[in-house]
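Below: one structure, written as structure tokens.
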Amino acid sequence: MGHHLAHPDTKRRFHELVAVSGVLNELRSIPAVPAGEDDILRVHTPEHLARIKSESLQPKGGDAGDGCSPFGRGGYEIAALSAGGAIELVKEVVAGTVDNGYALVNPPGHHATRATGMGFCMFNNVSVAAAYAKAVLGLERVAIVDWDVHHGNGTQDIWYDDPSVLTVSIHQHLCFPPGSGYREERGTGDGHGYALNIPLPPGSGDAAYLHAVDRVVAPALRAFRPELVLVASGFDASILDPLARQMVTSSGFQQLTRALLDLAAQLCDGRIAFVQEGGYSPHYVPFCGVAVLRELLGKEFVADPYTPIVSTQGGDVLLDHEAAAIEAAVPLLDVLKERGAHHSGGSRELTPAP
């Protein structure tokens with residue numbers, strides 16, 4: 001009998017591949033600590049937290065909020081541990097005790113809005129970590145780059161009116177949630193211009209994703225000048241994922257990682273943390289994850305055995321309609337560039353929106 005597509009076995013296989021590779025001893029393991037209620041309430045409503053806690057006590061558990069994201073008894077404790085794992089990584093990265101890091105946590109988080117969970121997400125892990133960085137660690141500007149194939153609607157919702165957190169989502173257009181992730185969704189009030197969406201057509205591969213980073217993500221980060229970059233790292237844009245129709249390979253994820261590492265080095269002393277989101281191919285997620293870790297560690301290990309197959313299917317070519325979709329997002333940078341012009345000498349101060 002099969003299991004749910006969001007079964008944690010996919011991410012466990014990622015961890016096991018790292019373990020058998022022999023490099024686990026070269027990595028610093030950061031134990032996860034459950035996020036406290038105060039941590040969760042920085043980004044979620046009291047009603048949402050109370051409902052998750054209550055349903056978690058039921059014999060068969062409950063649902064994150066959309067009716068198709070079940071969790072078992074004790075799910076609250078696991079979700080708090082997932083969010084807390086992201087916090088612990090951010091603490092170490094900001095303190096400089098690690099150069100960078102990867103929070104391999106489950107359940108994912110980027111679909112959880114302020115008021116409800118959905119899409120297999122209970123609490124918004126990356127937003128909980130961003131809020132902690134601001135409230136406790138004293139950072140003024142945090143950027144969240146989301147390359148999960150689905151729109152990071154929850155992360156966008158939480159920070160939609162807040163100019164201190166830049167949210168950038170690269171996703172397959174209208175894959176999930178329905179009617180979400182349009183370029184026109186740009187933030188509101190003081191937050192206008194600080195929500196960026198780059199919806200890509202189905203079939204976009206390595207070349208399109210790298211072009212999106214070059215044309216939109218990199219200029220956005222340079223204009224915003226974050227003090228910390230968080231990456232919502234889903235591997236469901238991979239060419240073998242069952243829940244989407246994109247064509248990113250493990251090599252593509254490695255190149256994306258390199259690009260973001262270079263940007264973090266230029267802009268925020270290399271402070272960057274990756275937080276696991278989706279990814280539903282038990283066969284390919286481990287190799288995509290290892291590709292990211294290869295770049296973080298600066299060492300080649302565990303070759304991807306699928307490369308001879310997936311590298312011949314066209315994702316390395318930027319097609320005209322993909323380029324056009326990315327170019328359509330370039331004007332979204334105007335507000336950020338205008339605000340960035342107010343910075344002088346690398347100032348960390350953020351000019352509020354008029």
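If you're wondering about the labels, chains in the structure tokens are A, B, ... by order shown, residues count from 1 in each chain, ligands from 1 in order shown.
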
* To do: Can you check which residues of segment 162-252 of chain A DSSP gives as strand (DSSP E or B) on the backbone and send them as a PyMOL selection string?
  => chain A and resi 165-172+195-200+205+228-233+238+247-248

* Fewer than 3 positions away in the same chain doesn't count, so skip those; otherwise give me all residues within 10 Å of Pro199 of chain A, counting only C-alpha atoms, as a list of chain:residue names. =>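 Residues near the query, excluding close chain neighbours: A:Val149, A:His150, A:His151, A:Ser169, A:Ile170, A:His171, A:Gln172, A:His173, A:Leu174, A:Cys175, A:Ser180, A:Gly181, A:Tyr182, A:Arg183, A:Leu196, A:Pro202, A:Ala212, A:Glu322, A:Ala325, A:Ile326, A:Ala328, A:Ala329.
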
Would you export the selected residues with C-alpha atoms as a short mmCIF file (atom, residue, chain, number, x, y, z; two decimals), in the first residue's frame, please?
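Saved result, part_21.cif, follows:
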```cif
data_model
loop_
_atom_site.label_atom_id
_atom_site.label_comp_id
_atom_site.auth_asym_id
_atom_site.auth_seq_id
_atom_site.Cartn_x
_atom_site.Cartn_y
_atom_site.Cartn_z
CA VAL A 149 7.63 25.12 -7.30
CA HIS A 150 4.45 26.30 -5.59
CA HIS A 151 3.76 29.93 -4.77
CA SER A 169 8.80 33.60 -5.01
CA ILE A 170 9.87 31.76 -8.17
CA HIS A 171 7.13 29.26 -8.96
CA GLN A 172 5.19 27.42 -11.64
CA HIS A 173 2.33 29.67 -12.63
CA LEU A 174 -1.00 28.65 -11.07
CA CYS A 175 0.30 25.27 -9.88
CA SER A 180 -2.21 32.77 -6.33
CA GLY A 181 1.22 34.11 -7.19
CA TYR A 182 0.51 36.68 -9.89
CA ARG A 183 3.08 39.37 -10.64
CA LEU A 196 7.93 39.89 -5.77
CA PRO A 202 5.34 24.74 -17.03
CA ALA A 212 15.15 34.53 -13.19
CA GLU A 322 10.17 31.53 -20.54
CA ALA A 325 7.70 35.63 -18.49
CA ILE A 326 10.85 36.58 -16.59
CA ALA A 328 7.67 40.76 -17.47
CA ALA A 329 8.75 40.65 -13.82
#
```

* Excluding same-chain residues fewer than 2 positions from segment 267-274 of chain A, what lies within 8 Å of it counting only C-alpha atoms, as a PyMOL selection string? -> chain A and resi 89-90+93-94+96+99-103+221-222+225-233+261-265+276

Written selection (C-alpha atoms) as a compact mmCIF listing (two decimals), in the first residue's frame:
```txt
# COMPACT_ATOMS: atom_id res chain seq x y z
CA LEU A 89 19.96 27.51 12.30
CA VAL A 90 19.37 31.24 11.92
CA VAL A 93 24.30 31.78 11.02
CA VAL A 94 23.74 35.27 12.41
CA GLY A 96 28.79 33.49 12.71
CA ASP A 99 29.24 29.92 7.54
CA ASN A 100 25.83 28.88 6.26
CA GLY A 101 23.45 26.00 6.83
CA TYR A 102 20.54 23.83 5.80
CA ALA A 103 17.53 23.14 8.02
CA LEU A 221 18.56 41.67 -3.30
CA ARG A 222 21.12 44.29 -4.28
CA ARG A 225 20.51 45.02 0.91
CA PRO A 226 19.36 42.35 3.39
CA GLU A 227 21.24 41.54 6.56
CA LEU A 228 20.21 37.88 6.20
CA VAL A 229 19.01 35.79 3.26
CA LEU A 230 16.66 32.88 3.92
CA VAL A 231 15.97 30.37 1.17
CA ALA A 232 12.72 28.43 1.17
CA SER A 233 14.22 25.38 -0.48
CA LEU A 261 25.82 32.23 -1.87
CA ASP A 262 27.68 34.78 -3.98
CA LEU A 263 24.95 37.37 -3.45
CA ALA A 264 24.95 36.78 0.31
CA ALA A 265 28.73 37.18 0.37
CA GLN A 276 13.48 22.74 3.58
```

* Distance in Å - atom CA of Trp159 of chain A versus atom CA of Leu137 of chain A ->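 Taking atom CA of Trp159 of chain A and atom CA of Leu137 of chain A, their separation equals 18.1 Å.
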
* Structure fact -> Asn106 of chain A proximity check over A:Leu332, A:Val23, A:Ala32, A:Val142, using only C-alpha atoms: winner is A:Ala32

Got a sec: who's within 9 Å of Arg12 of chain A, counting only C-alpha atoms, leaving out chain neighbours fewer than 4 positions off, as a CSV table (one decimal) with all heavy atoms, in the first residue's frame?
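The result, written out as part_15.csv:
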```csv
chain,number,residue,atom,x,y,z
A,8,PRO,N,7.1,11.9,5.2
A,8,PRO,CA,8.5,12.4,5.5
A,8,PRO,C,9.6,11.5,5.0
A,8,PRO,O,10.8,11.9,5.1
A,8,PRO,CB,8.4,12.4,7.1
A,8,PRO,CG,7.4,11.5,7.5
A,8,PRO,CD,6.3,11.6,6.4
A,16,GLU,N,19.6,10.3,4.8
A,16,GLU,CA,20.4,9.1,4.8
A,16,GLU,C,21.4,9.1,3.7
A,16,GLU,O,22.5,8.5,3.8
A,16,GLU,CB,19.4,7.9,4.6
A,16,GLU,CG,18.5,7.7,5.8
A,16,GLU,CD,17.4,6.7,5.6
A,16,GLU,OE1,17.2,6.2,4.4
A,16,GLU,OE2,16.8,6.3,6.6
A,17,LEU,N,21.1,9.7,2.5
A,17,LEU,CA,22.1,9.8,1.5
A,17,LEU,C,23.3,10.6,1.9
A,17,LEU,O,24.5,10.3,1.7
A,17,LEU,CB,21.5,10.4,0.2
A,17,LEU,CG,22.4,10.5,-1.0
A,17,LEU,CD1,22.9,9.2,-1.4
A,17,LEU,CD2,21.7,11.3,-2.2
A,104,LEU,N,17.0,20.8,7.5
A,104,LEU,CA,16.2,19.7,6.9
A,104,LEU,C,15.1,19.4,7.9
A,104,LEU,O,15.2,18.5,8.8
A,104,LEU,CB,17.1,18.5,6.7
A,104,LEU,CG,16.5,17.3,6.0
A,104,LEU,CD1,15.8,17.7,4.7
A,104,LEU,CD2,17.6,16.2,5.7
A,286,PRO,N,16.6,13.4,-2.7
A,286,PRO,CA,17.9,13.2,-2.1
A,286,PRO,C,19.1,13.8,-2.9
A,286,PRO,O,20.0,14.4,-2.3
A,286,PRO,CB,18.1,11.7,-1.8
A,286,PRO,CG,16.7,11.2,-1.8
A,286,PRO,CD,15.9,12.1,-2.8
```

* Which residues, written as a VMD selection string, have at least one atom at most 10 Å from Ser82 of chain A, with only C-alpha atoms counted and residues fewer than 4 positions away on the same chain left out? -> chain A and resid 32 to 35 76 to 78 86 to 87 103 to 109 122 to 126 275 to 276

Residue selection dump (N, CA and C atoms) as a short mmCIF file (atom, residue, chain, number, x, y, z; two decimals), in the first residue's frame:
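As written to disk, selection-v7.cif reads:
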```cif
data_model
loop_
_atom_site.label_atom_id
_atom_site.label_comp_id
_atom_site.auth_asym_id
_atom_site.auth_seq_id
_atom_site.Cartn_x
_atom_site.Cartn_y
_atom_site.Cartn_z
N ALA A 32 17.56 20.66 16.79
CA ALA A 32 16.35 21.49 16.75
C ALA A 32 15.76 21.60 18.15
N VAL A 33 15.25 22.77 18.46
CA VAL A 33 14.55 23.04 19.72
C VAL A 33 13.16 23.55 19.36
N PRO A 34 12.11 23.04 19.97
CA PRO A 34 10.76 23.48 19.57
C PRO A 34 10.60 24.99 19.67
N ALA A 35 9.98 25.59 18.68
CA ALA A 35 9.64 27.00 18.75
C ALA A 35 8.64 27.22 19.87
N TYR A 76 1.27 19.01 16.66
CA TYR A 76 1.70 20.34 17.08
C TYR A 76 3.16 20.32 17.53
N GLU A 77 3.53 19.34 18.31
CA GLU A 77 4.90 19.27 18.81
C GLU A 77 5.90 19.11 17.66
N ILE A 78 5.53 18.31 16.65
CA ILE A 78 6.42 18.12 15.51
C ILE A 78 6.55 19.41 14.71
N ALA A 86 14.41 25.82 12.26
CA ALA A 86 14.78 26.96 11.43
C ALA A 86 15.35 28.09 12.28
N ILE A 87 14.75 28.32 13.44
CA ILE A 87 15.26 29.36 14.35
C ILE A 87 16.68 29.04 14.78
N ALA A 103 18.46 23.70 7.05
CA ALA A 103 17.53 23.14 8.02
C ALA A 103 16.66 22.10 7.33
N LEU A 104 17.00 20.83 7.52
CA LEU A 104 16.24 19.74 6.92
C LEU A 104 15.10 19.39 7.88
N VAL A 105 13.99 20.10 7.72
CA VAL A 105 12.88 20.00 8.66
C VAL A 105 11.61 19.54 7.94
N ASN A 106 10.68 19.03 8.72
CA ASN A 106 9.38 18.59 8.22
C ASN A 106 8.37 18.66 9.37
N PRO A 107 7.16 19.18 9.19
CA PRO A 107 6.53 19.57 7.93
C PRO A 107 7.07 20.88 7.38
N PRO A 108 6.80 21.14 6.08
CA PRO A 108 7.21 22.40 5.46
C PRO A 108 6.35 23.54 5.98
N GLY A 109 6.55 24.75 5.44
CA GLY A 109 5.85 25.87 6.04
C GLY A 109 5.32 26.97 5.14
N MET A 122 1.82 23.64 8.47
CA MET A 122 1.12 24.00 9.70
C MET A 122 1.56 25.37 10.22
N PHE A 123 2.85 25.55 10.41
CA PHE A 123 3.41 26.85 10.77
C PHE A 123 4.42 27.25 9.71
N ASN A 124 4.55 28.55 9.49
CA ASN A 124 5.44 29.04 8.44
C ASN A 124 6.87 29.12 8.97
N ASN A 125 7.60 28.04 8.79
CA ASN A 125 8.93 27.91 9.41
C ASN A 125 9.87 29.06 9.06
N VAL A 126 9.95 29.38 7.77
CA VAL A 126 10.91 30.40 7.36
C VAL A 126 10.51 31.78 7.89
N VAL A 275 16.06 26.57 4.28
CA VAL A 275 15.06 25.86 5.07
C VAL A 275 14.23 24.98 4.14
N GLN A 276 14.16 23.70 4.44
CA GLN A 276 13.48 22.74 3.58
C GLN A 276 11.98 23.04 3.45
#
```

* Could you write out, as a PyMOL selection string, all the residues of segment 46-154 of chain A that DSSP marks as alpha helix (DSSP H)? -> chain A and resi 46-56+75-95+125-135+153-154

* To do: Write out as a PyMOL selection string each polymer residue whose atoms come within 12 Å of Ser164 of chain A, counting only C-alpha atoms; drop sequence neighbours fewer than 2 positions from it.
  => chain A and resi 130-131+133-135+138-144+158-162+166-167+187+190-195+224-228+336+348-353

* **atom CA of Cys288 of chain A to atom CA of Asn197 of chain A, distance in Å rounded to a single decimal** => 23.2 Å

* Asked: Using only C-alpha atoms, which residues sit within 9 Å of segment 304-312 of chain A once same-chain residues fewer than 2 positions away are excluded, as a list in words?
  -> Ile239, Leu240, Met247, Val248, Thr249, Ser250, Ser251, Tyr284, Phe287, Cys288, Val290, Ala291, Val302, Gly314, Gly315 and Asp316 of chain A

Please produce an output containing all heavy atoms for each residue in the selection, written as an mmCIF file, in the first residue's frame.
```
data_model
loop_
_atom_site.group_PDB
_atom_site.id
_atom_site.type_symbol
_atom_site.label_atom_id
_atom_site.label_comp_id
_atom_site.auth_asym_id
_atom_site.auth_seq_id
_atom_site.Cartn_x
_atom_site.Cartn_y
_atom_site.Cartn_z
ATOM 1 N N ILE A 239 12.739 17.876 -12.172
ATOM 2 C CA ILE A 239 12.214 17.257 -13.383
ATOM 3 C C ILE A 239 11.469 15.949 -13.099
ATOM 4 O O ILE A 239 10.657 15.504 -13.910
ATOM 5 C CB ILE A 239 13.372 17.033 -14.390
ATOM 6 C CG1 ILE A 239 12.842 16.703 -15.782
ATOM 7 C CG2 ILE A 239 14.337 15.980 -13.878
ATOM 8 C CD1 ILE A 239 13.919 16.736 -16.844
ATOM 9 N N LEU A 240 11.682 15.356 -11.943
ATOM 10 C CA LEU A 240 11.038 14.080 -11.619
ATOM 11 C C LEU A 240 9.943 14.205 -10.575
ATOM 12 O O LEU A 240 9.446 13.201 -10.068
ATOM 13 C CB LEU A 240 12.091 13.069 -11.139
ATOM 14 C CG LEU A 240 13.158 12.663 -12.158
ATOM 15 C CD1 LEU A 240 14.104 11.618 -11.557
ATOM 16 C CD2 LEU A 240 12.529 12.127 -13.433
ATOM 17 N N MET A 247 11.392 21.457 -14.817
ATOM 18 C CA MET A 247 12.459 20.589 -15.313
ATOM 19 C C MET A 247 13.822 20.928 -14.709
ATOM 20 O O MET A 247 14.847 20.809 -15.360
ATOM 21 C CB MET A 247 12.525 20.679 -16.840
ATOM 22 C CG MET A 247 11.247 20.232 -17.530
ATOM 23 S SD MET A 247 11.322 20.395 -19.325
ATOM 24 C CE MET A 247 12.576 19.179 -19.730
ATOM 25 N N VAL A 248 13.837 21.357 -13.452
ATOM 26 C CA VAL A 248 15.115 21.686 -12.810
ATOM 27 C C VAL A 248 15.831 20.399 -12.408
ATOM 28 O O VAL A 248 15.214 19.468 -11.879
ATOM 29 C CB VAL A 248 14.904 22.589 -11.585
ATOM 30 C CG1 VAL A 248 16.240 22.951 -10.942
ATOM 31 C CG2 VAL A 248 14.146 23.852 -11.977
ATOM 32 N N THR A 249 17.116 20.342 -12.669
ATOM 33 C CA THR A 249 17.928 19.179 -12.321
ATOM 34 C C THR A 249 18.716 19.451 -11.046
ATOM 35 O O THR A 249 18.759 20.583 -10.548
ATOM 36 C CB THR A 249 18.911 18.845 -13.451
ATOM 37 O OG1 THR A 249 19.883 19.905 -13.548
ATOM 38 C CG2 THR A 249 18.186 18.689 -14.782
ATOM 39 N N SER A 250 19.369 18.432 -10.539
ATOM 40 C CA SER A 250 20.216 18.627 -9.356
ATOM 41 C C SER A 250 21.318 19.637 -9.651
ATOM 42 O O SER A 250 21.674 20.458 -8.793
ATOM 43 C CB SER A 250 20.813 17.294 -8.897
ATOM 44 O OG SER A 250 21.663 16.750 -9.886
ATOM 45 N N SER A 251 21.840 19.618 -10.877
ATOM 46 C CA SER A 251 22.849 20.601 -11.267
ATOM 47 C C SER A 251 22.271 22.007 -11.228
ATOM 48 O O SER A 251 22.950 22.959 -10.814
ATOM 49 C CB SER A 251 23.371 20.288 -12.671
ATOM 50 O OG SER A 251 24.250 21.300 -13.127
ATOM 51 N N TYR A 284 14.456 11.389 -6.370
ATOM 52 C CA TYR A 284 15.300 12.492 -6.843
ATOM 53 C C TYR A 284 15.567 13.567 -5.797
ATOM 54 O O TYR A 284 16.608 14.220 -5.850
ATOM 55 C CB TYR A 284 14.662 13.120 -8.084
ATOM 56 C CG TYR A 284 15.645 13.860 -8.960
ATOM 57 C CD1 TYR A 284 16.876 13.288 -9.294
ATOM 58 C CD2 TYR A 284 15.362 15.122 -9.478
ATOM 59 C CE1 TYR A 284 17.782 13.935 -10.103
ATOM 60 C CE2 TYR A 284 16.255 15.797 -10.293
ATOM 61 C CZ TYR A 284 17.470 15.195 -10.602
ATOM 62 O OH TYR A 284 18.377 15.850 -11.408
ATOM 63 N N PHE A 287 19.086 13.566 -4.183
ATOM 64 C CA PHE A 287 20.199 14.022 -5.014
ATOM 65 C C PHE A 287 20.155 15.531 -5.242
ATOM 66 O O PHE A 287 21.200 16.181 -5.359
ATOM 67 C CB PHE A 287 20.212 13.257 -6.336
ATOM 68 C CG PHE A 287 20.539 11.802 -6.153
ATOM 69 C CD1 PHE A 287 19.537 10.846 -6.166
ATOM 70 C CD2 PHE A 287 21.838 11.387 -5.916
ATOM 71 C CE1 PHE A 287 19.821 9.499 -5.964
ATOM 72 C CE2 PHE A 287 22.145 10.044 -5.705
ATOM 73 C CZ PHE A 287 21.133 9.099 -5.732
ATOM 74 N N CYS A 288 18.949 16.110 -5.285
ATOM 75 C CA CYS A 288 18.842 17.565 -5.362
ATOM 76 C C CYS A 288 19.338 18.200 -4.070
ATOM 77 O O CYS A 288 20.056 19.211 -4.095
ATOM 78 C CB CYS A 288 17.388 17.966 -5.630
ATOM 79 S SG CYS A 288 16.765 17.456 -7.255
ATOM 80 N N VAL A 290 21.509 16.920 -1.920
ATOM 81 C CA VAL A 290 22.959 16.755 -1.838
ATOM 82 C C VAL A 290 23.667 17.761 -2.739
ATOM 83 O O VAL A 290 24.733 18.283 -2.399
ATOM 84 C CB VAL A 290 23.349 15.309 -2.210
ATOM 85 C CG1 VAL A 290 24.820 15.211 -2.581
ATOM 86 C CG2 VAL A 290 23.054 14.376 -1.038
ATOM 87 N N ALA A 291 23.052 18.084 -3.883
ATOM 88 C CA ALA A 291 23.650 19.075 -4.780
ATOM 89 C C ALA A 291 23.769 20.433 -4.097
ATOM 90 O O ALA A 291 24.772 21.141 -4.242
ATOM 91 C CB ALA A 291 22.815 19.195 -6.057
ATOM 92 N N VAL A 302 28.966 12.341 -3.836
ATOM 93 C CA VAL A 302 27.766 11.663 -4.318
ATOM 94 C C VAL A 302 27.296 12.229 -5.656
ATOM 95 O O VAL A 302 26.519 13.181 -5.718
ATOM 96 C CB VAL A 302 26.602 11.719 -3.305
ATOM 97 C CG1 VAL A 302 25.428 10.898 -3.814
ATOM 98 C CG2 VAL A 302 27.030 11.193 -1.956
ATOM 99 N N GLY A 314 16.148 18.997 -22.262
ATOM 100 C CA GLY A 314 15.872 20.342 -22.732
ATOM 101 C C GLY A 314 15.792 21.439 -21.707
ATOM 102 O O GLY A 314 15.644 22.605 -22.074
ATOM 103 N N GLY A 315 15.873 21.143 -20.425
ATOM 104 C CA GLY A 315 15.748 22.187 -19.415
ATOM 105 C C GLY A 315 16.920 23.144 -19.360
ATOM 106 O O GLY A 315 16.840 24.184 -18.699
ATOM 107 N N ASP A 316 18.005 22.822 -20.055
ATOM 108 C CA ASP A 316 19.177 23.693 -20.045
ATOM 109 C C ASP A 316 19.110 24.772 -21.114
ATOM 110 O O ASP A 316 20.048 25.546 -21.288
ATOM 111 C CB ASP A 316 20.449 22.857 -20.223
ATOM 112 C CG ASP A 316 20.444 22.048 -21.511
ATOM 113 O OD1 ASP A 316 19.345 21.785 -22.048
ATOM 114 O OD2 ASP A 316 21.531 21.667 -21.975
#
```

* To do: Can you work out which one of A:Gly67, A:Gly154, A:Gly189, A:Pro242 has the shortest atom-to-atom distance to Val43 of chain A, counting only C-alpha atoms?
  => A:Gly154
